[in-house]
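Chemist: Encoded as structure tokens, here's the structure I'll be asking about.
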Amino acid sequence: LDAFNRASEIKVDPDKPLEGVRLAALQARKTLLVPTPRLRAGLFNKIVPPPGATKEILRICATSQGIKEYSVPVGLDGKARVDLVVVGSVAVSEEGWRIGKGEGYADMEYAMMVSMGAVQADTPVITIVHDCQVVDIAEDLLDDHDLTVDYILTPTRTIKTNCKRPKPQGIIWQKVSYEMLGKIPILKSLRYKEKQSGKDVTLQGEPSDLVNANPPAALNEVVMAENTRPRAAVSSAQLGQHSVEKDSLSHRLEGSGVITTVYVGF
């Protein structure tokens, strides 16, 4: 595809069926970005083959093991500019409507890239599937956050979908649950940035007035005091006392009326 030939930076999902795509990108000396598994450790890993890598080494780099061994993380400030997005699919229609594994990670990855400015409205999205995965999909199964595709590649066909349905314009925070926010740490950073820019970042089931509430000064003082207190080495005999201190802090936080997460390390 011309879209592949023109691209210099490509994002490819870590799925096993897309291993050949990752290898093709590396062989073409393109910058290859792979999402971290379930987005637990950030958004992207950039695959960096060793200097003078042979085809066999590049083949290893394209595997899940190679992604672990030959990659560096790309943070929110990594200035990624993705020219082509390649996603896996469970099923896809010739209209470009896609169904994934049901966990929403590909949709969320795209929405996060939009929020980061890493993709534009005209950035092509491609999926690669077997012919039997191209099926009719009812449009009413799709939601605003669902990612559509521009090209479908199968072993026998290249389908240009000419899909007119808009792609996600960013993270729809009202569809993000507290559970998802806890599972994807980078979401918290993006949420903070978008809140600072004045966007509505109310989560699913969250009262909007709570989002804009500022923690009481007393709570800030409690947390600051706990975070800045000098820590000496702790013996097992002292753990009981620390447990009492932690419980005391927990009760004081609960009394403040603010939902928060506090990490206390020894």
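We name chains A, B, ... following the order of the structure tokens; residues begin at 1 in each chain, and ligands are numbered from 1 as shown.
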Give me the residues near Thr161 in chain A as a PyMOL selection string, where near means some atom within 10 Å (using only C-alpha atoms) and where sequence neighbours in that chain fewer than 5 positions away do not count.
Modeler: chain A and resi 93-97+126+148-152
Chemist: Report, in Å with one decimal, the straight-line distance from CA of Ile171 in chain A to CA of Leu33 in chain A.
Modeler: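 Taking CA of Ile171 in chain A as the start and CA of Leu33 in chain A as the end point, the length is 20.0 Å.
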Chemist: Which neighbours of range 101-114 of chain A fall inside 8 Å, counting only C-alpha atoms, when residues of the same chain fewer than 6 positions from it are skipped, and could you give them as a PyMOL selection string?
Modeler: chain A and resi 13+35+38-39+43+87+89-90+120+145-147+168-171+190
Chemist: So, counting only C-alpha atoms, which residue among A:Thr54, A:Asp136, A:Asp144, A:Ser115 is closest to Glu194 in chain A?
Modeler: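 When distances to Glu194 in chain A are compared using only C-alpha atoms, the smallest one comes from A:Ser115.
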